[in-house]
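**Student:** Below is a structure I'd like to ask you about.
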Amino acid sequence: MTSPSVVERPSAWLDIEGAVGVLRLGRPPLNVLDRAAQSALRSAAEEAAADERVRAVVLYGGPRAFSAGADIKEMAAMTHADMVRHAAVLQGAFDAVAAIPKPVVAAVNGAALGGGCELALTADARICGSEAVLGLPEVLLGVIPGAGGTQRLPRLIGPARAKELIFTGRRVGADEALRLGLVDQVVPPGEVLEAALRWARRFEEGPALALRAAKAAIDGGLATDLGAGLAMERSVFAALFATEDRLTGMRQFAAEGPGHATFSGR
């Protein structure tokens with residue numbers, strides 16, 4: 001008699017809790033992001049983006065560590081030609097998370113280093129435990145951040161502060177990360193996931209199309225000049241006038257004031 005086969009979870013997957021998707025990293029103890037984990041991350045992000053039940057997303061690595069970054073042993077064995085081919089795949093996995101057209105928050109316990117920090121940077125907000133440690137130490141390995149760190153960190157905290165962190169490779173604790181603007185909230189370690197879920201649940205019944213448009217306008221505008229950004233804003237603003245949610249929101253505002261509309265996401 002053969003024993004039943006055991007189906008293993010991928011290194012990253014999406015759980016849906018109500019209208020919140022929890023994108024979990026599951027490669028303990030430190031959620032090192034090897035090639036398989038990068039592929040699983042991209043698949044989970046694309047699932048979160050496509051599933052209409054999901055109105056907001058939490059990135060979560062568990063109670064011990066968010067992610068210690070890339071698999072250095074795997075990278076050490078790669079040649080220049082290997083990385084030329086793989087760099088786009090690596091960035092693509094992180095870009096897929098950044099492209100989720102819904103509010104996304106990173107719930108950070110423990111280490112968020114290298115690729116782990118870069119993954120947290122793809123979120124719209126970051127909540128970390130008081131014991132968390134964040135940083136981009138790639139320069140200490142003779143390379144630079146390659147999954148978006150050199151681009152997303154300066155946009156978040158400014159170029160001078162970002163250069164200091166990237167040039168030195170130093171790690172920062174939760175309090176300094178909060179002062180720098182690298183994270184948005186610090187809570188006790190045991191409360192990180194619940195705090196992130198509270199953040200995400202605010203959008204469960206929100207106007208999904210307006211939230212998508214706001215995220216697209218902000219992120220798209222940051223990637224271009226002011227004039228092009230304003231043109232993008234005009235376009236997505238006008239497009240919302242074709243939605244049912246816009247009619248509902250404005251009619252309810254006229255009848256009862258703000259905060260009373262029930263949105264359909266259409």
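Just so we're on the same page: first chain in the structure tokens is A, next is B, and so on; residues restart at 1 for each chain, and ligands are numbered from 1 in the order they show up.
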Which residues are near Leu141 of chain A? Cut-off 12 Å, only C-alpha atoms, ignore same chain within fewer than 3 positions. Put them as a VMD selection string.

**Tutor:** chain A and resid 70 72 to 73 75 to 76 114 136 to 138 144 to 145 166 to 169

**Student:** Would you kindly return, as a list in words, each protein, DNA or RNA residue with an atom no farther than 6 Å from any atom of segment 43-60 of chain A, considering only C-alpha atoms and excluding same-chain residues fewer than 4 positions away?

**Tutor:**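 Near segment 43-60 of chain A, the qualifying residues are Trp13, Leu14, Ala19, Val20, Gly21, Val22, Leu23, Arg24, Ala96, Val97, Ile100, Lys102, Pro103, Val104, Val105, Ala106, Ala107, Ala200 and Glu204 of chain A.
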
**Student:** Output C-alpha atoms for every residue in the selection just made, as a PDB file, in the first residue's frame.

**Tutor:**
```
ATOM      1  CA  TRP A  13       1.270  31.938  -1.662  1.00  0.00           C
ATOM      2  CA  LEU A  14      -1.917  33.939  -1.248  1.00  0.00           C
ATOM      3  CA  ALA A  19     -11.593  40.787   1.301  1.00  0.00           C
ATOM      4  CA  VAL A  20      -7.921  40.936   2.322  1.00  0.00           C
ATOM      5  CA  GLY A  21      -5.297  38.851   0.594  1.00  0.00           C
ATOM      6  CA  VAL A  22      -2.357  37.833   2.779  1.00  0.00           C
ATOM      7  CA  LEU A  23       0.650  37.135   0.570  1.00  0.00           C
ATOM      8  CA  ARG A  24       2.747  34.884   2.744  1.00  0.00           C
ATOM      9  CA  ALA A  96       4.577  42.186  -9.956  1.00  0.00           C
ATOM     10  CA  VAL A  97       4.042  42.999  -6.269  1.00  0.00           C
ATOM     11  CA  ILE A 100      -0.875  45.014  -7.597  1.00  0.00           C
ATOM     12  CA  LYS A 102      -4.874  47.601  -4.718  1.00  0.00           C
ATOM     13  CA  PRO A 103      -3.612  48.981  -1.397  1.00  0.00           C
ATOM     14  CA  VAL A 104      -0.665  46.866  -0.196  1.00  0.00           C
ATOM     15  CA  VAL A 105       1.005  46.931   3.221  1.00  0.00           C
ATOM     16  CA  ALA A 106       4.136  45.077   4.326  1.00  0.00           C
ATOM     17  CA  ALA A 107       3.983  43.523   7.811  1.00  0.00           C
ATOM     18  CA  ALA A 200      -5.889  46.673   4.946  1.00  0.00           C
ATOM     19  CA  GLU A 204     -12.538  46.101   2.146  1.00  0.00           C
TER      20      GLU A 204
END
```

**Student:** Residues near Pro101 of chain A, anyone? I mean within 8 Å using only C-alpha atoms, not counting same-chain ones fewer than 6 positions away, as a count of residues only.

**Tutor:** 5

**Student:** Show which residues sit within 9 Å of segment 263-266 of chain A, as number ranges by chain. Count only C-alpha atoms, and ignore same-chain residues fewer than 4 positions away.

**Tutor:** A: 52, 205-210, 243-246, 248-249

**Student:** Keeping only N, CA, C and O atoms, take the residues you just selected and write them out as a tab-separated table (two decimals), in the first residue's frame.

**Tutor:**
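Printed below is selection.tsv as written:
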```tsv
chain	number	residue	atom	x	y	z
A	52	GLU	N	-10.90	39.39	-7.89
A	52	GLU	CA	-11.77	40.52	-7.56
A	52	GLU	C	-12.26	40.50	-6.12
A	52	GLU	O	-12.75	41.51	-5.61
A	205	GLU	N	-14.46	47.58	1.83
A	205	GLU	CA	-15.69	48.00	1.20
A	205	GLU	C	-15.54	49.35	0.51
A	205	GLU	O	-16.52	50.04	0.24
A	206	GLY	N	-14.31	49.72	0.23
A	206	GLY	CA	-14.04	51.00	-0.41
A	206	GLY	C	-14.29	50.97	-1.90
A	206	GLY	O	-14.59	49.91	-2.48
A	207	PRO	N	-14.17	52.11	-2.55
A	207	PRO	CA	-14.36	52.20	-4.00
A	207	PRO	C	-13.14	51.63	-4.74
A	207	PRO	O	-12.15	52.33	-4.97
A	208	ALA	N	-13.21	50.36	-5.10
A	208	ALA	CA	-12.04	49.67	-5.64
A	208	ALA	C	-11.47	50.35	-6.88
A	208	ALA	O	-10.25	50.44	-7.04
A	209	LEU	N	-12.33	50.84	-7.75
A	209	LEU	CA	-11.84	51.46	-8.98
A	209	LEU	C	-11.16	52.79	-8.70
A	209	LEU	O	-10.15	53.14	-9.34
A	210	ALA	N	-11.69	53.55	-7.74
A	210	ALA	CA	-11.05	54.82	-7.38
A	210	ALA	C	-9.70	54.57	-6.71
A	210	ALA	O	-8.73	55.30	-6.94
A	243	THR	N	-18.04	55.16	-13.96
A	243	THR	CA	-18.24	54.05	-13.04
A	243	THR	C	-19.51	54.20	-12.21
A	243	THR	O	-19.96	55.32	-11.92
A	244	GLU	N	-20.04	53.07	-11.81
A	244	GLU	CA	-21.19	53.05	-10.92
A	244	GLU	C	-20.84	53.61	-9.55
A	244	GLU	O	-21.66	54.29	-8.91
A	245	ASP	N	-19.63	53.31	-9.09
A	245	ASP	CA	-19.20	53.80	-7.77
A	245	ASP	C	-19.21	55.33	-7.70
A	245	ASP	O	-19.54	55.92	-6.67
A	246	ARG	N	-18.82	55.99	-8.80
A	246	ARG	CA	-18.82	57.45	-8.80
A	246	ARG	C	-20.23	57.99	-8.63
A	246	ARG	O	-20.47	58.91	-7.82
A	248	THR	N	-22.78	56.41	-7.24
A	248	THR	CA	-23.20	56.09	-5.88
A	248	THR	C	-22.60	57.06	-4.88
A	248	THR	O	-23.30	57.60	-4.01
A	249	GLY	N	-21.30	57.28	-4.96
A	249	GLY	CA	-20.63	58.14	-4.00
A	249	GLY	C	-21.14	59.56	-4.02
A	249	GLY	O	-21.38	60.16	-2.96
```

**Student:** May I have the residues within 9 Å of Gly92 of chain A as a short mmCIF file (atom, residue, chain, number, x, y, z; two decimals) with N, CA and C atoms, in the first residue's frame, using only C-alpha atoms and disregarding those fewer than 6 positions away in the same chain?

**Tutor:**
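Generated output (around25.cif):
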```cif
data_model
loop_
_atom_site.label_atom_id
_atom_site.label_comp_id
_atom_site.auth_asym_id
_atom_site.auth_seq_id
_atom_site.Cartn_x
_atom_site.Cartn_y
_atom_site.Cartn_z
N GLN A 38 11.21 33.42 -5.89
CA GLN A 38 10.89 34.57 -6.74
C GLN A 38 9.75 34.24 -7.69
N ARG A 42 5.97 36.00 -7.65
CA ARG A 42 5.32 36.61 -8.81
C ARG A 42 3.93 36.01 -9.04
N ALA A 147 16.89 44.50 -7.13
CA ALA A 147 15.46 44.20 -7.24
C ALA A 147 14.63 45.45 -6.96
#
```

**Student:** Which residues in segment 65-149 of chain A does DSSP call helix (DSSP H, G or I)? List them as an MDAnalysis selection string.

**Tutor:** chainID A and resid 72:76 80:98 115:121 137:141 149

**Student:** Kindly export the residues of the current selection with C-alpha atoms, as a compact mmCIF listing (two decimals), in the first residue's frame.

**Tutor:**
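What follows is the written file out.txt:
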```txt
# COMPACT_ATOMS: atom_id res chain seq x y z
CA ILE A 72 23.59 34.31 -1.75
CA LYS A 73 24.89 30.76 -2.26
CA GLU A 74 22.73 30.48 -5.36
CA MET A 75 23.92 33.87 -6.63
CA ALA A 76 27.58 33.10 -5.90
CA HIS A 80 27.84 37.25 -15.55
CA ALA A 81 25.90 35.66 -18.40
CA ASP A 82 23.59 33.93 -15.92
CA MET A 83 22.75 37.19 -14.19
CA VAL A 84 22.27 39.08 -17.45
CA ARG A 85 19.51 36.57 -18.18
CA HIS A 86 18.13 36.42 -14.64
CA ALA A 87 18.16 40.10 -13.60
CA ALA A 88 14.91 40.83 -15.45
CA VAL A 89 13.28 37.79 -13.85
CA LEU A 90 14.39 38.96 -10.41
CA GLN A 91 13.10 42.49 -10.91
CA GLY A 92 9.94 41.15 -12.55
CA ALA A 93 8.93 39.26 -9.43
CA PHE A 94 9.17 42.42 -7.31
CA ASP A 95 7.56 44.55 -10.00
CA ALA A 96 4.58 42.19 -9.96
CA VAL A 97 4.04 43.00 -6.27
CA ALA A 98 4.45 46.73 -6.88
CA GLY A 115 15.84 41.61 -1.29
CA GLY A 116 13.63 41.45 1.78
CA CYS A 117 13.89 45.20 2.24
CA GLU A 118 13.35 45.68 -1.49
CA LEU A 119 10.19 43.59 -1.25
CA ALA A 120 8.92 45.78 1.59
CA LEU A 121 9.61 48.82 -0.60
CA PRO A 137 23.72 45.47 2.54
CA GLU A 138 24.49 44.39 -1.04
CA VAL A 139 27.52 46.70 -1.34
CA LEU A 140 29.22 44.58 1.32
CA LEU A 141 29.03 41.70 -1.18
CA GLY A 149 16.27 49.17 -4.14
```

**Student:** What is the distance, in Å and to one decimal place, between atom CA of Gly148 of chain A and atom CA of Gly62 of chain A?

**Tutor:**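 One can read the atom CA of Gly148 of chain A to atom CA of Gly62 of chain A distance as 22.7 Å.
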
**Student:** DSSP on the backbone, then: every residue of segment 71-248 of chain A marked strand (DSSP E), written as an MDAnalysis selection string.

**Tutor:** chainID A and resid 104:108 111:113 125:129 133:135 171:173 185:187

**Student:** Would you mind exporting N, CA and C atoms of the selected residues as a PDB file, in the first residue's frame?

**Tutor:**
```pdb
ATOM      1  N   VAL A 104      -1.543  47.947  -0.661  1.00  0.00           N
ATOM      2  CA  VAL A 104      -0.665  46.866  -0.196  1.00  0.00           C
ATOM      3  C   VAL A 104       0.147  47.374   0.982  1.00  0.00           C
ATOM      4  N   VAL A 105       0.203  46.582   2.056  1.00  0.00           N
ATOM      5  CA  VAL A 105       1.005  46.931   3.221  1.00  0.00           C
ATOM      6  C   VAL A 105       1.935  45.774   3.554  1.00  0.00           C
ATOM      7  N   ALA A 106       3.177  46.089   3.884  1.00  0.00           N
ATOM      8  CA  ALA A 106       4.136  45.077   4.326  1.00  0.00           C
ATOM      9  C   ALA A 106       4.113  44.991   5.843  1.00  0.00           C
ATOM     10  N   ALA A 107       3.964  43.782   6.365  1.00  0.00           N
ATOM     11  CA  ALA A 107       3.983  43.523   7.811  1.00  0.00           C
ATOM     12  C   ALA A 107       5.331  42.888   8.135  1.00  0.00           C
ATOM     13  N   VAL A 108       6.216  43.657   8.770  1.00  0.00           N
ATOM     14  CA  VAL A 108       7.620  43.280   8.888  1.00  0.00           C
ATOM     15  C   VAL A 108       7.978  42.922  10.324  1.00  0.00           C
ATOM     16  N   ALA A 111      14.108  40.413  10.372  1.00  0.00           N
ATOM     17  CA  ALA A 111      14.972  40.927   9.316  1.00  0.00           C
ATOM     18  C   ALA A 111      14.201  41.207   8.034  1.00  0.00           C
ATOM     19  N   ALA A 112      14.442  42.390   7.464  1.00  0.00           N
ATOM     20  CA  ALA A 112      14.020  42.726   6.104  1.00  0.00           C
ATOM     21  C   ALA A 112      15.261  43.313   5.446  1.00  0.00           C
ATOM     22  N   LEU A 113      16.102  42.443   4.920  1.00  0.00           N
ATOM     23  CA  LEU A 113      17.424  42.838   4.441  1.00  0.00           C
ATOM     24  C   LEU A 113      17.590  42.496   2.974  1.00  0.00           C
ATOM     25  N   ALA A 125       2.672  50.862   2.058  1.00  0.00           N
ATOM     26  CA  ALA A 125       2.968  51.247   3.439  1.00  0.00           C
ATOM     27  C   ALA A 125       3.693  50.088   4.104  1.00  0.00           C
ATOM     28  N   ARG A 126       4.399  50.397   5.184  1.00  0.00           N
ATOM     29  CA  ARG A 126       5.154  49.383   5.915  1.00  0.00           C
ATOM     30  C   ARG A 126       4.901  49.536   7.414  1.00  0.00           C
ATOM     31  N   ILE A 127       4.517  48.444   8.043  1.00  0.00           N
ATOM     32  CA  ILE A 127       4.342  48.397   9.494  1.00  0.00           C
ATOM     33  C   ILE A 127       5.331  47.364  10.019  1.00  0.00           C
ATOM     34  N   CYS A 128       6.138  47.740  11.011  1.00  0.00           N
ATOM     35  CA  CYS A 128       7.140  46.792  11.481  1.00  0.00           C
ATOM     36  C   CYS A 128       7.088  46.641  12.984  1.00  0.00           C
ATOM     37  N   GLY A 129       7.620  45.527  13.446  1.00  0.00           N
ATOM     38  CA  GLY A 129       7.764  45.284  14.862  1.00  0.00           C
ATOM     39  C   GLY A 129       8.934  46.064  15.424  1.00  0.00           C
ATOM     40  N   VAL A 133      14.739  44.836  11.756  1.00  0.00           N
ATOM     41  CA  VAL A 133      15.987  45.391  11.244  1.00  0.00           C
ATOM     42  C   VAL A 133      15.874  45.422   9.728  1.00  0.00           C
ATOM     43  N   LEU A 134      16.114  46.599   9.161  1.00  0.00           N
ATOM     44  CA  LEU A 134      15.991  46.768   7.717  1.00  0.00           C
ATOM     45  C   LEU A 134      17.295  47.292   7.140  1.00  0.00           C
ATOM     46  N   GLY A 135      17.538  46.973   5.882  1.00  0.00           N
ATOM     47  CA  GLY A 135      18.740  47.492   5.249  1.00  0.00           C
ATOM     48  C   GLY A 135      18.987  46.890   3.887  1.00  0.00           C
ATOM     49  N   ARG A 171      22.581  48.504   8.567  1.00  0.00           N
ATOM     50  CA  ARG A 171      21.229  48.129   8.948  1.00  0.00           C
ATOM     51  C   ARG A 171      20.653  49.176   9.900  1.00  0.00           C
ATOM     52  N   VAL A 172      19.347  49.357   9.834  1.00  0.00           N
ATOM     53  CA  VAL A 172      18.699  50.297  10.742  1.00  0.00           C
ATOM     54  C   VAL A 172      17.613  49.571  11.526  1.00  0.00           C
ATOM     55  N   GLY A 173      17.470  49.956  12.778  1.00  0.00           N
ATOM     56  CA  GLY A 173      16.415  49.415  13.608  1.00  0.00           C
ATOM     57  C   GLY A 173      15.089  50.087  13.323  1.00  0.00           C
ATOM     58  N   GLN A 185       4.870  52.795  10.647  1.00  0.00           N
ATOM     59  CA  GLN A 185       4.344  52.532  11.991  1.00  0.00           C
ATOM     60  C   GLN A 185       5.187  51.452  12.643  1.00  0.00           C
ATOM     61  N   VAL A 186       5.454  51.603  13.930  1.00  0.00           N
ATOM     62  CA  VAL A 186       6.174  50.593  14.708  1.00  0.00           C
ATOM     63  C   VAL A 186       5.254  50.122  15.823  1.00  0.00           C
ATOM     64  N   VAL A 187       5.125  48.802  15.945  1.00  0.00           N
ATOM     65  CA  VAL A 187       4.252  48.211  16.959  1.00  0.00           C
ATOM     66  C   VAL A 187       5.011  47.089  17.656  1.00  0.00           C
TER      67      VAL A 187
END
```

**Student:** Interatomic distance between atom CA of Gly18 of chain A and atom CA of Phe203 of chain A?

**Tutor:**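 Atom-to-atom, atom CA of Gly18 of chain A and atom CA of Phe203 of chain A are spaced 11.4 Å apart.
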
**Student:** Skipping near chain neighbours, those fewer than 2 positions away, what residues fall within 12 Å of Pro154 of chain A using only C-alpha atoms, listed as a VMD selection string?

**Tutor:** chain A and resid 118 121 148 to 152 156 to 166 180 to 182 222

**Student:** Could you dump the residues just selected with N, CA, C and O atoms as a PDB file, in the first residue's frame?

**Tutor:**
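What landed in part24.pdb:
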```pdb
ATOM      1  N   GLU A 118      13.872  45.257  -0.189  1.00  0.00           N
ATOM      2  CA  GLU A 118      13.351  45.677  -1.492  1.00  0.00           C
ATOM      3  C   GLU A 118      11.908  45.217  -1.684  1.00  0.00           C
ATOM      4  O   GLU A 118      11.094  45.937  -2.277  1.00  0.00           O
ATOM      5  N   LEU A 121       9.707  47.538   0.113  1.00  0.00           N
ATOM      6  CA  LEU A 121       9.614  48.817  -0.604  1.00  0.00           C
ATOM      7  C   LEU A 121       8.562  48.787  -1.708  1.00  0.00           C
ATOM      8  O   LEU A 121       8.116  49.845  -2.158  1.00  0.00           O
ATOM      9  N   GLY A 148      15.191  46.608  -7.331  1.00  0.00           N
ATOM     10  CA  GLY A 148      14.442  47.849  -7.201  1.00  0.00           C
ATOM     11  C   GLY A 148      14.910  48.781  -6.112  1.00  0.00           C
ATOM     12  O   GLY A 148      14.428  49.912  -6.007  1.00  0.00           O
ATOM     13  N   GLY A 149      15.869  48.363  -5.289  1.00  0.00           N
ATOM     14  CA  GLY A 149      16.275  49.169  -4.141  1.00  0.00           C
ATOM     15  C   GLY A 149      16.863  50.517  -4.495  1.00  0.00           C
ATOM     16  O   GLY A 149      16.612  51.511  -3.815  1.00  0.00           O
ATOM     17  N   THR A 150      17.662  50.584  -5.559  1.00  0.00           N
ATOM     18  CA  THR A 150      18.280  51.855  -5.915  1.00  0.00           C
ATOM     19  C   THR A 150      17.270  52.846  -6.493  1.00  0.00           C
ATOM     20  O   THR A 150      17.570  54.043  -6.595  1.00  0.00           O
ATOM     21  N   GLN A 151      16.103  52.375  -6.869  1.00  0.00           N
ATOM     22  CA  GLN A 151      15.081  53.241  -7.438  1.00  0.00           C
ATOM     23  C   GLN A 151      13.958  53.550  -6.453  1.00  0.00           C
ATOM     24  O   GLN A 151      13.520  54.696  -6.325  1.00  0.00           O
ATOM     25  N   ARG A 152      13.492  52.548  -5.733  1.00  0.00           N
ATOM     26  CA  ARG A 152      12.348  52.771  -4.834  1.00  0.00           C
ATOM     27  C   ARG A 152      12.761  53.464  -3.537  1.00  0.00           C
ATOM     28  O   ARG A 152      11.999  54.282  -3.010  1.00  0.00           O
ATOM     29  N   LEU A 156      11.316  57.058  -1.840  1.00  0.00           N
ATOM     30  CA  LEU A 156      10.614  57.002  -0.563  1.00  0.00           C
ATOM     31  C   LEU A 156      11.218  57.933   0.476  1.00  0.00           C
ATOM     32  O   LEU A 156      10.495  58.677   1.151  1.00  0.00           O
ATOM     33  N   ILE A 157      12.541  57.918   0.635  1.00  0.00           N
ATOM     34  CA  ILE A 157      13.166  58.672   1.728  1.00  0.00           C
ATOM     35  C   ILE A 157      14.087  59.786   1.244  1.00  0.00           C
ATOM     36  O   ILE A 157      14.689  60.481   2.059  1.00  0.00           O
ATOM     37  N   GLY A 158      14.197  59.964  -0.064  1.00  0.00           N
ATOM     38  CA  GLY A 158      15.073  61.002  -0.604  1.00  0.00           C
ATOM     39  C   GLY A 158      16.422  60.431  -1.002  1.00  0.00           C
ATOM     40  O   GLY A 158      16.904  59.461  -0.408  1.00  0.00           O
ATOM     41  N   PRO A 159      17.074  61.034  -1.995  1.00  0.00           N
ATOM     42  CA  PRO A 159      18.322  60.464  -2.511  1.00  0.00           C
ATOM     43  C   PRO A 159      19.491  60.480  -1.532  1.00  0.00           C
ATOM     44  O   PRO A 159      20.263  59.524  -1.481  1.00  0.00           O
ATOM     45  N   ALA A 160      19.645  61.525  -0.740  1.00  0.00           N
ATOM     46  CA  ALA A 160      20.803  61.580   0.148  1.00  0.00           C
ATOM     47  C   ALA A 160      20.745  60.486   1.214  1.00  0.00           C
ATOM     48  O   ALA A 160      21.737  59.790   1.470  1.00  0.00           O
ATOM     49  N   ARG A 161      19.586  60.346   1.833  1.00  0.00           N
ATOM     50  CA  ARG A 161      19.441  59.299   2.850  1.00  0.00           C
ATOM     51  C   ARG A 161      19.571  57.912   2.231  1.00  0.00           C
ATOM     52  O   ARG A 161      20.178  57.005   2.815  1.00  0.00           O
ATOM     53  N   ALA A 162      18.991  57.741   1.050  1.00  0.00           N
ATOM     54  CA  ALA A 162      19.075  56.438   0.389  1.00  0.00           C
ATOM     55  C   ALA A 162      20.517  56.105   0.030  1.00  0.00           C
ATOM     56  O   ALA A 162      20.974  54.964   0.219  1.00  0.00           O
ATOM     57  N   LYS A 163      21.256  57.076  -0.469  1.00  0.00           N
ATOM     58  CA  LYS A 163      22.654  56.826  -0.818  1.00  0.00           C
ATOM     59  C   LYS A 163      23.464  56.429   0.405  1.00  0.00           C
ATOM     60  O   LYS A 163      24.321  55.529   0.339  1.00  0.00           O
ATOM     61  N   GLU A 164      23.221  57.098   1.535  1.00  0.00           N
ATOM     62  CA  GLU A 164      23.967  56.750   2.747  1.00  0.00           C
ATOM     63  C   GLU A 164      23.721  55.301   3.139  1.00  0.00           C
ATOM     64  O   GLU A 164      24.662  54.570   3.476  1.00  0.00           O
ATOM     65  N   LEU A 165      22.474  54.857   3.076  1.00  0.00           N
ATOM     66  CA  LEU A 165      22.168  53.475   3.445  1.00  0.00           C
ATOM     67  C   LEU A 165      22.743  52.488   2.445  1.00  0.00           C
ATOM     68  O   LEU A 165      23.284  51.441   2.828  1.00  0.00           O
ATOM     69  N   ILE A 166      22.646  52.812   1.159  1.00  0.00           N
ATOM     70  CA  ILE A 166      23.133  51.891   0.127  1.00  0.00           C
ATOM     71  C   ILE A 166      24.652  51.885   0.073  1.00  0.00           C
ATOM     72  O   ILE A 166      25.284  50.822  -0.062  1.00  0.00           O
ATOM     73  N   LEU A 180      13.373  57.892   9.412  1.00  0.00           N
ATOM     74  CA  LEU A 180      13.779  58.085   8.029  1.00  0.00           C
ATOM     75  C   LEU A 180      12.592  58.092   7.068  1.00  0.00           C
ATOM     76  O   LEU A 180      12.724  58.544   5.928  1.00  0.00           O
ATOM     77  N   GLY A 181      11.460  57.560   7.507  1.00  0.00           N
ATOM     78  CA  GLY A 181      10.324  57.401   6.611  1.00  0.00           C
ATOM     79  C   GLY A 181      10.349  56.088   5.859  1.00  0.00           C
ATOM     80  O   GLY A 181       9.560  55.868   4.937  1.00  0.00           O
ATOM     81  N   LEU A 182      11.241  55.196   6.256  1.00  0.00           N
ATOM     82  CA  LEU A 182      11.337  53.885   5.628  1.00  0.00           C
ATOM     83  C   LEU A 182      10.162  52.992   6.030  1.00  0.00           C
ATOM     84  O   LEU A 182       9.706  52.151   5.252  1.00  0.00           O
ATOM     85  N   LEU A 222       5.155  59.449 -10.227  1.00  0.00           N
ATOM     86  CA  LEU A 222       6.497  59.429  -9.656  1.00  0.00           C
ATOM     87  C   LEU A 222       7.547  58.990 -10.671  1.00  0.00           C
ATOM     88  O   LEU A 222       8.739  59.276 -10.497  1.00  0.00           O
TER      89      LEU A 222
END
```

**Student:** In Å, how far is it from atom CA of Leu25 of chain A to atom CA of Ala37 of chain A?

**Tutor:**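 According to the coordinates, atom CA of Leu25 of chain A and atom CA of Ala37 of chain A are separated by 8.2 Å.
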
**Student:** Could you pull the residues within 9 Å of Leu30 of chain A, counting only C-alpha atoms, minus those fewer than 5 positions along the same chain, as number ranges by chain?

**Tutor:** A: 61, 64-69, 110-111

**Student:** Go ahead and write the selection's residues with N, CA and C atoms as a short mmCIF file (atom, residue, chain, number, x, y, z; two decimals), in the first residue's frame.

**Tutor:**
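Result file is out.cif:
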```
data_model
loop_
_atom_site.label_atom_id
_atom_site.label_comp_id
_atom_site.auth_asym_id
_atom_site.auth_seq_id
_atom_site.Cartn_x
_atom_site.Cartn_y
_atom_site.Cartn_z
N GLY A 61 5.89 37.78 6.23
CA GLY A 61 6.89 36.73 6.26
C GLY A 61 6.83 35.85 7.48
N ARG A 64 8.90 35.56 12.78
CA ARG A 64 10.33 35.61 13.06
C ARG A 64 11.12 36.50 12.12
N ALA A 65 10.78 36.47 10.85
CA ALA A 65 11.53 37.26 9.87
C ALA A 65 10.65 37.55 8.67
N PHE A 66 10.81 38.74 8.12
CA PHE A 66 10.13 39.09 6.88
C PHE A 66 10.85 38.39 5.73
N SER A 67 12.09 38.77 5.47
CA SER A 67 12.94 38.06 4.51
C SER A 67 14.36 38.59 4.63
N ALA A 68 15.31 37.67 4.66
CA ALA A 68 16.72 38.05 4.72
C ALA A 68 17.31 38.29 3.33
N GLY A 69 16.45 38.24 2.30
CA GLY A 69 16.91 38.60 0.97
C GLY A 69 17.21 37.42 0.08
N GLY A 110 11.27 41.02 12.43
CA GLY A 110 12.64 40.56 12.27
C GLY A 110 13.35 41.22 11.11
N ALA A 111 14.11 40.41 10.37
CA ALA A 111 14.97 40.93 9.32
C ALA A 111 14.20 41.21 8.03
#
```
